[in-house]
$ cat my_file20.json   # JSON, C-alpha atoms and all ligand atoms
[["chain", "number", "residue", "atom", "x", "y", "z"],
["O", 2, "MET", "CA", 169.20, 104.60, 154.51],
["O", 3, "ALA", "CA", 165.97, 106.58, 155.01],
["O", 4, "LYS", "CA", 163.11, 104.62, 156.47],
["O", 5, "LYS", "CA", 160.41, 103.58, 154.01],
["O", 6, "ASN", "CA", 156.86, 104.95, 154.20],
["O", 7, "ILE", "CA", 154.40, 102.16, 154.78],
["O", 8, "VAL", "CA", 150.62, 102.45, 154.93],
["O", 9, "ILE", "CA", 148.84, 99.90, 157.08],
["O", 10, "LEU", "CA", 145.34, 99.22, 155.82],
["O", 11, "ALA", "CA", 143.30, 97.69, 158.64],
["O", 12, "THR", "CA", 140.31, 95.48, 157.83],
["O", 13, "GLY", "CA", 139.63, 93.60, 161.10],
["O", 14, "GLY", "CA", 140.02, 89.88, 161.86],
["O", 15, "THR", "CA", 141.21, 88.08, 164.95],
["O", 16, "ILE", "CA", 144.27, 90.32, 165.09],
["O", 17, "ALA", "CA", 141.77, 93.06, 166.04],
["O", 18, "GLY", "CA", 139.66, 90.66, 168.11],
["O", 19, "VAL", "CA", 138.54, 91.14, 171.70],
["O", 20, "GLY", "CA", 137.54, 88.45, 174.19],
["O", 21, "GLU", "CA", 137.83, 87.53, 177.83],
["O", 22, "ALA", "CA", 141.23, 88.74, 179.13],
["O", 23, "GLY", "CA", 143.87, 86.05, 178.57],
["O", 24, "ALA", "CA", 141.62, 83.65, 176.58],
["O", 25, "ASN", "CA", 142.63, 82.34, 173.12],
["O", 26, "THR", "CA", 139.10, 81.50, 171.96],
["O", 27, "GLY", "CA", 135.56, 82.81, 172.38],
["O", 28, "TYR", "CA", 136.29, 86.33, 171.11],
["O", 29, "VAL", "CA", 134.75, 88.72, 168.61],
["O", 30, "SER", "CA", 136.85, 89.58, 165.52],
["O", 31, "GLY", "CA", 137.30, 93.11, 164.19],
["O", 32, "GLN", "CA", 136.91, 95.22, 167.35],
["O", 33, "ILE", "CA", 140.19, 97.12, 167.85],
["O", 34, "ALA", "CA", 141.20, 99.97, 165.55],
["O", 35, "GLY", "CA", 144.27, 99.45, 163.34],
["O", 36, "ALA", "CA", 145.90, 102.53, 164.90],
["O", 37, "ASP", "CA", 145.74, 100.85, 168.34],
["O", 38, "LEU", "CA", 147.23, 97.61, 166.97],
["O", 39, "VAL", "CA", 150.18, 99.60, 165.63],
["O", 40, "ALA", "CA", 150.53, 101.63, 168.85],
["O", 41, "ALA", "CA", 150.89, 98.34, 170.75],
["O", 42, "VAL", "CA", 154.06, 97.47, 168.75],
["O", 43, "PRO", "CA", 156.44, 100.44, 169.22],
["O", 44, "GLU", "CA", 159.34, 98.54, 167.50],
["O", 45, "ILE", "CA", 157.55, 99.11, 164.19],
["O", 46, "ALA", "CA", 158.88, 102.69, 164.22],
["O", 47, "ASP", "CA", 162.46, 101.31, 164.07],
["O", 48, "TYR", "CA", 161.81, 99.89, 160.60],
["O", 49, "ALA", "CA", 159.40, 102.25, 158.83],
["O", 50, "ASN", "CA", 157.37, 105.44, 158.96],
["O", 51, "VAL", "CA", 153.90, 104.07, 159.32],
["O", 52, "THR", "CA", 150.47, 105.58, 158.84],
["O", 53, "VAL", "CA", 147.24, 103.67, 159.34],
["O", 54, "GLU", "CA", 143.99, 103.76, 157.44],
["O", 55, "GLN", "CA", 140.95, 101.83, 158.63],
["O", 56, "ILE", "CA", 139.21, 100.32, 155.61],
["O", 57, "CYS", "CA", 136.66, 98.37, 157.66],
["O", 58, "ASN", "CA", 136.66, 96.38, 160.90],
["O", 59, "VAL", "CA", 135.07, 93.01, 160.16],
["O", 60, "ASN", "CA", 135.36, 89.31, 160.72],
["O", 61, "SER", "CA", 136.90, 88.32, 157.37],
["O", 62, "ASP", "CA", 133.96, 85.96, 156.75],
["O", 63, "ASP", "CA", 132.04, 89.21, 156.19],
["O", 64, "MET", "CA", 134.50, 90.42, 153.55],
["O", 65, "THR", "CA", 132.73, 91.57, 150.35],
["O", 66, "SER", "CA", 133.68, 92.44, 146.80],
["O", 67, "GLU", "CA", 132.80, 96.06, 147.58],
["O", 68, "ILE", "CA", 135.47, 96.12, 150.32],
["O", 69, "TRP", "CA", 137.97, 94.38, 148.02],
["O", 70, "LEU", "CA", 137.45, 97.06, 145.39],
["O", 71, "GLN", "CA", 137.83, 99.83, 147.95],
["O", 72, "LEU", "CA", 141.02, 98.26, 149.30],
["O", 73, "ARG", "CA", 142.46, 97.96, 145.80],
["O", 74, "ARG", "CA", 141.50, 101.55, 145.00],
["O", 75, "ARG", "CA", 143.20, 102.90, 148.15],
["O", 76, "ILE", "CA", 146.41, 101.03, 147.29],
["O", 77, "ASP", "CA", 146.27, 102.69, 143.87],
["O", 78, "GLU", "CA", 145.61, 106.15, 145.29],
["O", 79, "LEU", "CA", 147.87, 106.37, 148.36],
["O", 80, "GLU", "CA", 151.47, 107.53, 148.23],
["O", 81, "ALA", "CA", 153.61, 104.89, 149.95],
["O", 82, "ASP", "CA", 156.60, 102.63, 149.40],
["O", 83, "ALA", "CA", 154.70, 99.55, 150.56],
["O", 84, "PHE", "CA", 151.42, 98.42, 152.10],
["O", 85, "VAL", "CA", 150.59, 96.07, 154.95],
["O", 86, "ILE", "CA", 147.01, 94.84, 155.30],
["O", 87, "THR", "CA", 145.71, 93.46, 158.59],
["O", 88, "HIS", "CA", 143.02, 90.90, 157.82],
["O", 89, "GLY", "CA", 141.20, 87.89, 159.29],
["O", 90, "THR", "CA", 142.81, 84.59, 158.42],
["O", 91, "ASP", "CA", 139.62, 82.87, 157.19],
["O", 92, "THR", "CA", 139.50, 84.59, 153.79],
["O", 93, "MET", "CA", 142.98, 86.15, 153.66],
["O", 94, "ASP", "CA", 143.93, 83.87, 150.76],
["O", 95, "GLU", "CA", 140.98, 85.13, 148.70],
["O", 96, "THR", "CA", 141.76, 88.80, 149.33],
["O", 97, "ALA", "CA", 145.45, 88.26, 148.54],
["O", 98, "TYR", "CA", 144.57, 86.51, 145.27],
["O", 99, "PHE", "CA", 142.04, 89.20, 144.31],
["O", 100, "LEU", "CA", 144.65, 91.93, 144.85],
["O", 101, "SER", "CA", 147.32, 90.04, 142.92],
["O", 102, "LEU", "CA", 144.98, 89.85, 139.92],
["O", 103, "THR", "CA", 143.83, 93.47, 139.99],
["O", 104, "LEU", "CA", 146.81, 95.60, 141.08],
["O", 105, "HIS", "CA", 149.38, 96.85, 138.61],
["O", 106, "THR", "CA", 152.13, 97.89, 140.99],
["O", 107, "ASP", "CA", 155.58, 96.77, 141.99],
["O", 108, "LYS", "CA", 155.03, 98.14, 145.51],
["O", 109, "PRO", "CA", 154.99, 95.28, 148.01],
["O", 110, "VAL", "CA", 151.57, 94.48, 149.48],
["O", 111, "ILE", "CA", 151.73, 92.16, 152.47],
["O", 112, "LEU", "CA", 148.74, 90.73, 154.32],
["O", 113, "THR", "CA", 148.95, 89.51, 157.88],
["O", 114, "GLY", "CA", 146.72, 88.59, 160.80],
["O", 115, "SER", "CA", 146.66, 86.36, 163.84],
["O", 116, "MET", "CA", 145.08, 83.25, 165.27],
["O", 117, "ARG", "CA", 144.73, 84.64, 168.80],
["O", 118, "PRO", "CA", 142.82, 87.80, 169.67],
["O", 119, "ALA", "CA", 144.60, 90.94, 170.81],
["O", 120, "THR", "CA", 143.35, 90.24, 174.36],
["O", 121, "ALA", "CA", 144.95, 86.74, 174.57],
["O", 122, "LYS", "CA", 147.67, 86.07, 177.16],
["O", 123, "GLU", "CA", 150.26, 85.62, 174.40],
["O", 124, "PRO", "CA", 148.78, 87.16, 171.25],
["O", 125, "ASP", "CA", 150.51, 86.30, 167.95],
["O", 126, "GLY", "CA", 149.30, 89.47, 166.22],
["O", 127, "PRO", "CA", 152.08, 91.85, 167.34],
["O", 128, "ALA", "CA", 154.91, 89.61, 166.05],
["O", 129, "ASN", "CA", 153.08, 89.03, 162.77],
["O", 130, "LEU", "CA", 152.45, 92.75, 162.31],
["O", 131, "LEU", "CA", 156.08, 93.62, 163.05],
["O", 132, "GLY", "CA", 157.31, 90.88, 160.70],
["O", 133, "ALA", "CA", 154.99, 92.06, 157.92],
["O", 134, "VAL", "CA", 156.22, 95.66, 158.26],
["O", 135, "ARG", "CA", 159.88, 94.57, 158.30],
["O", 136, "THR", "CA", 159.33, 92.41, 155.22],
["O", 137, "ALA", "CA", 157.44, 95.16, 153.39],
["O", 138, "ALA", "CA", 160.22, 97.66, 154.17],
["O", 139, "ALA", "CA", 162.90, 95.22, 152.96],
["O", 140, "PHE", "CA", 160.98, 94.38, 149.75],
["O", 141, "ALA", "CA", 160.47, 98.09, 149.05],
["O", 142, "VAL", "CA", 164.24, 98.61, 148.62],
["O", 143, "ALA", "CA", 164.83, 95.59, 146.38],
["O", 144, "ASP", "CA", 166.22, 96.59, 142.95],
["O", 145, "ASP", "CA", 164.46, 93.96, 140.99],
["O", 146, "LYS", "CA", 160.89, 93.99, 142.28],
["O", 147, "PRO", "CA", 158.36, 91.69, 140.69],
["O", 148, "GLU", "CA", 155.52, 93.55, 138.96],
["O", 149, "ASN", "CA", 153.04, 91.66, 141.04],
["O", 150, "ASN", "CA", 154.05, 91.76, 144.61],
["O", 151, "VAL", "CA", 151.27, 90.47, 146.89],
["O", 152, "TRP", "CA", 152.20, 88.20, 149.79],
["O", 153, "VAL", "CA", 150.95, 86.79, 153.07],
["O", 154, "TYR", "CA", 153.36, 87.03, 156.02],
["O", 155, "PHE", "CA", 152.44, 84.74, 158.90],
["O", 156, "GLY", "CA", 154.39, 83.03, 161.70],
["O", 157, "ASP", "CA", 157.77, 84.02, 160.29],
["O", 158, "GLU", "CA", 156.94, 82.65, 156.85],
["O", 159, "LEU", "CA", 156.08, 84.27, 153.55],
["O", 160, "PHE", "CA", 153.54, 82.86, 151.09],
["O", 161, "ASP", "CA", 152.74, 84.01, 147.55],
["O", 162, "ALA", "CA", 149.19, 85.17, 146.83],
["O", 163, "ARG", "CA", 148.58, 82.52, 144.16],
["O", 164, "ARG", "CA", 149.23, 79.48, 146.32],
["O", 165, "VAL", "CA", 148.60, 80.61, 149.90],
["O", 166, "GLN", "CA", 145.72, 78.92, 151.64],
["O", 167, "LYS", "CA", 144.49, 78.64, 155.22],
["O", 168, "CYS", "CA", 145.30, 74.98, 155.86],
["O", 169, "SER", "CA", 144.62, 74.66, 159.59],
["O", 170, "ALA", "CA", 141.54, 75.83, 161.45],
["O", 171, "SER", "CA", 143.31, 75.99, 164.80],
["O", 172, "GLU", "CA", 147.12, 75.89, 164.66],
["O", 173, "LEU", "CA", 149.15, 79.00, 165.37],
["O", 174, "GLN", "CA", 150.58, 78.72, 161.83],
["O", 175, "PRO", "CA", 147.39, 78.21, 159.82],
["O", 176, "MET", "CA", 148.86, 79.18, 156.45],
["O", 177, "GLY", "CA", 150.27, 76.79, 153.91],
["O", 178, "VAL", "CA", 150.08, 76.32, 150.16],
["O", 179, "SER", "CA", 147.22, 74.68, 148.34],
["O", 180, "PHE", "CA", 149.33, 72.21, 146.36],
["O", 181, "PRO", "CA", 152.43, 71.46, 148.46],
["O", 182, "GLY", "CA", 155.49, 70.60, 146.42],
["O", 183, "ASP", "CA", 154.38, 72.62, 143.39],
["O", 184, "THR", "CA", 156.78, 75.54, 143.29],
["O", 185, "GLY", "CA", 155.23, 76.90, 140.15],
["O", 186, "GLU", "CA", 158.54, 76.61, 138.32],
["O", 187, "GLY", "CA", 158.25, 75.01, 134.92],
["O", 188, "SER", "CA", 154.61, 74.14, 135.52],
["O", 189, "GLY", "CA", 153.15, 77.16, 133.77],
["O", 190, "LEU", "CA", 151.92, 78.18, 137.22],
["O", 191, "ASP", "CA", 152.64, 81.81, 137.92],
["O", 192, "CYS", "CA", 153.24, 82.11, 141.66],
["O", 193, "ASN", "CA", 151.66, 85.50, 142.11],
["O", 194, "GLY", "CA", 148.98, 85.06, 139.48],
["O", 195, "ASP", "CA", 150.14, 87.80, 137.16],
["O", 196, "GLY", "CA", 149.46, 85.69, 134.08],
["O", 197, "ASN", "CA", 146.09, 87.46, 134.23],
["O", 198, "PHE", "CA", 145.28, 91.10, 134.99],
["O", 199, "PHE", "CA", 141.82, 92.56, 135.44],
["O", 200, "ASP", "CA", 141.11, 96.27, 135.32],
["O", 201, "VAL", "CA", 138.35, 96.75, 137.91],
["O", 202, "ALA", "CA", 138.92, 100.48, 138.55],
["O", 203, "SER", "CA", 135.44, 101.45, 137.37],
["O", 204, "LEU", "CA", 133.54, 98.69, 139.21],
["O", 205, "THR", "CA", 131.67, 98.94, 142.52],
["O", 206, "GLU", "CA", 130.96, 95.21, 142.89],
["O", 207, "LEU", "CA", 131.88, 91.92, 141.21],
["O", 208, "PRO", "CA", 129.65, 89.39, 139.46],
["O", 209, "ARG", "CA", 128.07, 86.90, 141.84],
["O", 210, "VAL", "CA", 129.64, 83.43, 141.89],
["O", 211, "ASN", "CA", 128.79, 80.66, 144.35],
["O", 212, "VAL", "CA", 130.71, 77.51, 145.27],
["O", 213, "VAL", "CA", 128.69, 74.28, 145.50],
["O", 214, "TYR", "CA", 130.27, 71.41, 147.44],
["O", 215, "PHE", "CA", 129.64, 67.81, 146.36],
["O", 216, "ALA", "CA", 129.34, 64.89, 148.81],
["O", 217, "VAL", "CA", 127.54, 61.52, 148.65],
["O", 218, "ASP", "CA", 123.81, 62.06, 148.03],
["O", 219, "SER", "CA", 124.17, 65.85, 147.64],
["O", 220, "ASP", "CA", 120.87, 67.16, 146.31],
["O", 221, "PRO", "CA", 121.13, 68.29, 142.66],
["O", 222, "ARG", "CA", 118.67, 71.07, 143.50],
["O", 223, "LEU", "CA", 121.62, 72.76, 145.22],
["O", 224, "LEU", "CA", 123.11, 73.28, 141.75],
["O", 225, "GLU", "CA", 119.82, 74.54, 140.36],
["O", 226, "TYR", "CA", 119.39, 76.97, 143.22],
["O", 227, "ALA", "CA", 123.01, 78.19, 142.96],
["O", 228, "ALA", "CA", 122.49, 78.78, 139.24],
["O", 229, "SER", "CA", 119.34, 80.81, 139.93],
["O", 230, "VAL", "CA", 121.24, 83.29, 142.15],
["O", 231, "SER", "CA", 124.63, 83.39, 140.37],
["O", 232, "GLU", "CA", 126.31, 84.51, 137.20],
["O", 233, "GLY", "CA", 128.71, 81.58, 137.46],
["O", 234, "ILE", "CA", 129.22, 78.50, 139.63],
["O", 235, "VAL", "CA", 132.29, 76.75, 141.00],
["O", 236, "ILE", "CA", 131.82, 73.10, 141.91],
["O", 237, "ALA", "CA", 134.04, 71.67, 144.64],
["O", 238, "GLY", "CA", 133.86, 68.13, 143.33],
["O", 239, "ALA", "CA", 135.23, 64.82, 144.58],
["O", 240, "GLY", "CA", 138.54, 63.42, 143.29],
["O", 241, "SER", "CA", 139.70, 65.04, 140.07],
["O", 242, "GLY", "CA", 136.47, 67.01, 139.75],
["O", 243, "GLU", "CA", 133.75, 64.34, 139.89],
["O", 244, "PHE", "CA", 130.14, 64.14, 141.07],
["O", 245, "SER", "CA", 127.07, 61.87, 140.86],
["O", 246, "LEU", "CA", 124.91, 61.04, 137.83],
["O", 247, "ALA", "CA", 122.12, 63.03, 139.47],
["O", 248, "TRP", "CA", 124.38, 66.10, 139.42],
["O", 249, "SER", "CA", 125.41, 65.40, 135.80],
["O", 250, "ARG", "CA", 121.76, 65.40, 134.73],
["O", 251, "ALA", "CA", 121.05, 68.66, 136.58],
["O", 252, "LEU", "CA", 124.18, 70.28, 135.21],
["O", 253, "ALA", "CA", 123.29, 69.53, 131.58],
["O", 254, "ASN", "CA", 120.54, 72.17, 131.86],
["O", 255, "ILE", "CA", 122.54, 74.83, 133.66],
["O", 256, "ASP", "CA", 123.17, 77.66, 131.23],
["O", 257, "ILE", "CA", 125.76, 79.73, 133.09],
["O", 258, "PRO", "CA", 129.54, 79.19, 133.24],
["O", 259, "VAL", "CA", 130.64, 76.38, 135.57],
["O", 260, "VAL", "CA", 134.19, 75.90, 136.84],
["O", 261, "MET", "CA", 135.17, 72.48, 138.12],
["O", 262, "SER", "CA", 137.49, 72.34, 141.12],
["O", 263, "THR", "CA", 138.12, 69.72, 143.75],
["O", 264, "ARG", "CA", 137.52, 69.43, 147.48],
["O", 265, "ILE", "CA", 140.97, 67.73, 147.63],
["O", 266, "ASN", "CA", 144.03, 69.79, 148.38],
["O", 267, "HIS", "CA", 146.52, 68.06, 146.08],
["O", 268, "GLY", "CA", 146.63, 67.57, 142.34],
["O", 269, "SER", "CA", 144.90, 69.09, 139.42],
["O", 270, "VAL", "CA", 141.36, 68.86, 138.04],
["O", 271, "THR", "CA", 140.52, 67.47, 134.61],
["O", 272, "LEU", "CA", 137.20, 68.10, 132.90],
["O", 273, "ASN", "CA", 135.16, 64.91, 133.08],
["O", 274, "ALA", "CA", 132.76, 63.82, 130.35],
["O", 275, "ALA", "CA", 129.65, 64.79, 132.32],
["O", 276, "LEU", "CA", 130.84, 68.37, 132.63],
["O", 277, "SER", "CA", 131.40, 68.68, 128.90],
["O", 278, "GLN", "CA", 127.66, 68.27, 128.21],
["O", 279, "ALA", "CA", 126.75, 71.93, 128.45],
["O", 280, "PRO", "CA", 124.07, 73.85, 126.58],
["O", 281, "ASP", "CA", 125.53, 75.33, 123.36],
["O", 282, "GLY", "CA", 128.00, 78.16, 123.93],
["O", 283, "VAL", "CA", 128.01, 77.82, 127.73],
["O", 284, "ALA", "CA", 131.41, 77.51, 129.41],
["O", 285, "ARG", "CA", 132.60, 74.50, 131.34],
["O", 286, "VAL", "CA", 136.11, 75.09, 132.65],
["O", 287, "SER", "CA", 138.69, 73.30, 134.76],
["O", 288, "ALA", "CA", 140.06, 75.15, 137.79],
["O", 289, "GLY", "CA", 143.41, 73.37, 137.28],
["O", 290, "THR", "CA", 145.29, 73.67, 140.57],
["O", 291, "LEU", "CA", 143.18, 76.50, 142.02],
["O", 292, "PRO", "CA", 141.21, 75.60, 145.14],
["O", 293, "PRO", "CA", 137.44, 76.30, 144.98],
["O", 294, "GLN", "CA", 137.49, 79.65, 146.81],
["O", 295, "LYS", "CA", 140.24, 80.99, 144.55],
["O", 296, "ALA", "CA", 138.55, 79.61, 141.42],
["O", 297, "ALA", "CA", 135.54, 81.69, 142.54],
["O", 298, "VAL", "CA", 137.69, 84.84, 142.78],
["O", 299, "LEU", "CA", 139.09, 84.25, 139.29],
["O", 300, "LEU", "CA", 135.67, 83.44, 137.80],
["O", 301, "ARG", "CA", 134.17, 86.63, 139.30],
["O", 302, "LEU", "CA", 136.96, 88.66, 137.71],
["O", 303, "ALA", "CA", 136.86, 86.76, 134.42],
["O", 304, "LEU", "CA", 133.11, 87.34, 134.13],
["O", 305, "THR", "CA", 133.74, 91.09, 134.15],
["O", 306, "GLN", "CA", 135.35, 90.51, 130.74],
["O", 307, "THR", "CA", 133.70, 87.57, 129.04],
["O", 308, "LYS", "CA", 131.38, 84.56, 129.15],
["O", 309, "ASN", "CA", 132.96, 83.06, 126.05],
["O", 310, "PRO", "CA", 133.95, 79.43, 126.78],
["O", 311, "ALA", "CA", 137.31, 79.55, 124.96],
["O", 312, "LYS", "CA", 138.28, 82.86, 126.58],
["O", 313, "LEU", "CA", 137.28, 81.68, 130.06],
["O", 314, "ARG", "CA", 139.27, 78.50, 129.54],
["O", 315, "ARG", "CA", 142.33, 80.53, 128.52],
["O", 316, "ILE", "CA", 142.03, 82.72, 131.62],
["O", 317, "PHE", "CA", 142.00, 79.63, 133.85],
["O", 318, "GLU", "CA", 144.92, 78.08, 131.95],
["O", 319, "ASN", "CA", 146.94, 81.24, 132.69],
["O", 320, "ALA", "CA", 146.06, 81.22, 136.40],
["O", 401, "LIG", "N1", 137.15, 84.58, 161.87],
["O", 401, "LIG", "C1", 138.40, 85.29, 161.92],
["O", 401, "LIG", "C2", 138.52, 86.13, 160.67],
["O", 401, "LIG", "O1", 138.80, 85.61, 159.63],
["O", 401, "LIG", "C3", 139.54, 84.33, 162.03],
["O", 401, "LIG", "C4", 140.90, 84.93, 162.09],
["O", 401, "LIG", "O2", 141.14, 86.09, 161.83],
["O", 401, "LIG", "O3", 141.84, 84.18, 162.44],
["O", 401, "LIG", "O4", 138.30, 87.32, 160.73]]
$ encode --input "my_file20.json" --output "structure tokens"
Amino acid sequence: MAKKNIVILATGGTIAGVGEAGANTGYVSGQIAGADLVAAVPEIADYANVTVEQICNVNSDDMTSEIWLQLRRRIDELEADAFVITHGTDTMDETAYFLSLTLHTDKPVILTGSMRPATAKEPDGPANLLGAVRTAAAFAVADDKPENNVWVYFGDELFDARRVQKCSASELQPMGVSFPGDTGEGSGLDCNGDGNFFDVASLTELPRVNVVYFAVDSDPRLLEYAASVSEGIVIAGAGSGEFSLAWSRALANIDIPVVMSTRINHGSVTLNAALSQAPDGVARVSAGTLPPQKAAVLLRLALTQTKNPAKLRRIFENA
């Protein structure tokens, strides 16, 4: 069978990181060009015809909605059977989720990266890159491709864009799922998030949403400040989406949409009574099983369509 044509879109991250020769830490992300990462893994040519496009070369903590939109646009524009995206691990879950909510394609899109820089003694990037290309090539021939086909390949494992999350700050396999045990089946949870689709083709940036993290004695002025610089807020609350009375009082006056999520990695959020006391017509929404950073991605996209409380709630129920 003819080899598939795969475009590798390089964005930076540790996989393109450079440090002291042989060292696993103390490096700078996003230094090596994607073309050089591919050239270092000649076996890739056994599985696919690959071309490389450099979208940016950043630490993924410097990812922006402008870059997301550019990445999405290039996937729309380029002729290919599948796409592999090299990306830093820190925000890979957010980029994967954004793409799964904004791409209408059955072409596989697979993100990968590494925990060790390219200059480490035993870098993990080459094996991850090869595995991602092999997986993308295999998915591209499947007869029955899902409409929404965004995945993270890491350490010989594949994760869907809806549930993938960086779960370890230091292990060689940092990826896991945000709510272990929830397969999505029968739960109304759509693994790759295609219960919602957002047409962002005409946009150059997304609405600003900030996540505010609650802990004992957290200053309610954090909420007020976040509201003053945002079009929507996500709260990473305690337990099933809880916070102090001081935060409840501050929140009652906040007149932009607020999504309640939890700082805990298991279980689902319910809307507590304090959150329901919103100014008239202002949305208060549960993030359900979405972790805070993904609730922020969904709220940014949802706000491109509506601020209506019932509509926002429906979008989060479909997530
Ligand atoms: N800070 C790096 C990044 O996200 C971490 C990594 O890639 O593993 O770009």
$ residues_near_ligand --input "my_file20.json" --ligand "ligand LIG 401 (chain O)" --cutoff "10 Å" --atoms "only C-alpha atoms and all ligand atoms" --output "PyMOL selection string"
chain O and resi 12-18+28-31+58-64+87-93+113-118+126+167+170-171+173+175
$ atom_distance --input "my_file20.json" --atom1 "atom CA of Ile45 of chain O" --atom2 "atom CA of Ala139 of chain O"
13.0 Å
$ closest_residue --input "my_file20.json" --among "O:Thr305, O:Ile86, O:Lys122, O:Arg250" --to "Glu21 of chain O" --atoms "only C-alpha atoms"
O:Lys122
$ closest_residue --input "my_file20.json" --among "O:Thr103, O:Ser249, O:Asn254, O:Asn266" --to "Ala228 of chain O" --atoms "only C-alpha atoms"
O:Asn254
$ closest_residue --input "my_file20.json" --among "O:Thr96, O:Gln166, O:Asn25, O:Thr290" --to "Leu72 of chain O" --atoms "only C-alpha atoms"
O:Thr96
$ closest_residue --input "my_file20.json" --among "O:Ile236, O:Ala311, O:Leu224, O:Ala216" --to "Leu252 of chain O" --atoms "all atoms listed in the file"
O:Leu224
$ closest_residue --input "my_file20.json" --among "O:Arg285, O:Val142, O:Glu95, O:Val134" --to "Met2 of chain O" --atoms "all atoms listed in the file"
O:Val142
$ closest_residue --input "my_file20.json" --among "O:Thr205, O:Lys5, O:Gly177, O:Glu54" --to "Ala143 of chain O" --atoms "all atoms listed in the file"
O:Lys5
$ residues_near_point --input "my_file20.json" --point "(145.9, 102.4, 146.7)" --cutoff "12 Å" --atoms "all atoms listed in the file" --output "JSON, numbers by chain"
{"O": [7, 8, 9, 10, 54, 56, 69, 70, 71, 72, 73, 74, 75, 76, 77, 78, 79, 80, 81, 82, 83, 84, 85, 86, 100, 103, 104, 105, 106, 108, 109, 110, 202]}
$ atom_distance --input "my_file20.json" --atom1 "atom CA of Glu318 of chain O" --atom2 "atom CA of Ser231 of chain O"
22.6 Å
$ atom_distance --input "my_file20.json" --atom1 "atom CA of Val165 of chain O" --atom2 "atom CA of Leu302 of chain O"
18.7 Å
$ residues_around --input "my_file20.json" --residues "Gly282 of chain O" --least-positions-apart "4" --cutoff "9 Å" --atoms "only C-alpha atoms" --output "list in words"
Asp256, Lys308, Asn309 and Pro310 of chain O
$ residues_around --input "my_file20.json" --residues "Phe199 of chain O" --least-positions-apart "2" --cutoff "12 Å" --atoms "all atoms listed in the file" --output "ChimeraX atom specification"
/O:70,73,98-105,194-197,201-204,207,298-307,316
$ residues_around --input "my_file20.json" --residues "Ala237 of chain O" --least-positions-apart "2" --cutoff "10 Å" --atoms "all atoms listed in the file" --output "JSON, numbers by chain"
{"O": [212, 213, 214, 215, 216, 234, 235, 239, 240, 241, 242, 243, 244, 260, 261, 262, 263, 264, 265, 288, 292, 293, 294, 296]}
$ residues_near_point --input "my_file20.json" --point "(151.7, 97.4, 164.8)" --cutoff "7 Å" --atoms "all atoms listed in the file" --output "MDAnalysis selection string"
chainID O and resid 38:42 45 127 130:131
$ decode --input "my_file20.json" --residues "segment 130-139 of chain O" --atoms "N, CA, C and O atoms" --output "PDB file, in the first residue's frame"
ATOM      1  N   LEU O 130       7.856  10.646  18.640  1.00  0.00           N
ATOM      2  CA  LEU O 130       7.586  11.173  17.299  1.00  0.00           C
ATOM      3  C   LEU O 130       7.330  10.028  16.316  1.00  0.00           C
ATOM      4  O   LEU O 130       6.364  10.056  15.536  1.00  0.00           O
ATOM      5  N   LEU O 131       8.180   9.007  16.373  1.00  0.00           N
ATOM      6  CA  LEU O 131       8.002   7.862  15.486  1.00  0.00           C
ATOM      7  C   LEU O 131       6.649   7.194  15.753  1.00  0.00           C
ATOM      8  O   LEU O 131       5.898   6.881  14.820  1.00  0.00           O
ATOM      9  N   GLY O 132       6.330   6.992  17.015  1.00  0.00           N
ATOM     10  CA  GLY O 132       5.050   6.353  17.377  1.00  0.00           C
ATOM     11  C   GLY O 132       3.865   7.178  16.900  1.00  0.00           C
ATOM     12  O   GLY O 132       2.863   6.629  16.419  1.00  0.00           O
ATOM     13  N   ALA O 133       3.966   8.494  17.015  1.00  0.00           N
ATOM     14  CA  ALA O 133       2.858   9.360  16.589  1.00  0.00           C
ATOM     15  C   ALA O 133       2.669   9.261  15.077  1.00  0.00           C
ATOM     16  O   ALA O 133       1.536   9.187  14.584  1.00  0.00           O
ATOM     17  N   VAL O 134       3.789   9.235  14.330  1.00  0.00           N
ATOM     18  CA  VAL O 134       3.685   9.135  12.861  1.00  0.00           C
ATOM     19  C   VAL O 134       3.095   7.778  12.468  1.00  0.00           C
ATOM     20  O   VAL O 134       2.196   7.694  11.612  1.00  0.00           O
ATOM     21  N   ARG O 135       3.583   6.718  13.111  1.00  0.00           N
ATOM     22  CA  ARG O 135       3.054   5.372  12.794  1.00  0.00           C
ATOM     23  C   ARG O 135       1.563   5.298  13.072  1.00  0.00           C
ATOM     24  O   ARG O 135       0.786   4.749  12.285  1.00  0.00           O
ATOM     25  N   THR O 136       1.149   5.869  14.213  1.00  0.00           N
ATOM     26  CA  THR O 136      -0.272   5.835  14.578  1.00  0.00           C
ATOM     27  C   THR O 136      -1.096   6.661  13.597  1.00  0.00           C
ATOM     28  O   THR O 136      -2.175   6.236  13.148  1.00  0.00           O
ATOM     29  N   ALA O 137      -0.578   7.835  13.239  1.00  0.00           N
ATOM     30  CA  ALA O 137      -1.313   8.702  12.299  1.00  0.00           C
ATOM     31  C   ALA O 137      -1.465   7.992  10.952  1.00  0.00           C
ATOM     32  O   ALA O 137      -2.539   8.021  10.335  1.00  0.00           O
ATOM     33  N   ALA O 138      -0.395   7.326  10.499  1.00  0.00           N
ATOM     34  CA  ALA O 138      -0.444   6.625   9.206  1.00  0.00           C
ATOM     35  C   ALA O 138      -1.459   5.480   9.274  1.00  0.00           C
ATOM     36  O   ALA O 138      -2.236   5.263   8.336  1.00  0.00           O
ATOM     37  N   ALA O 139      -1.479   4.761  10.390  1.00  0.00           N
ATOM     38  CA  ALA O 139      -2.421   3.638  10.543  1.00  0.00           C
ATOM     39  C   ALA O 139      -3.860   4.152  10.609  1.00  0.00           C
ATOM     40  O   ALA O 139      -4.762   3.596   9.969  1.00  0.00           O
TER      41      ALA O 139
END
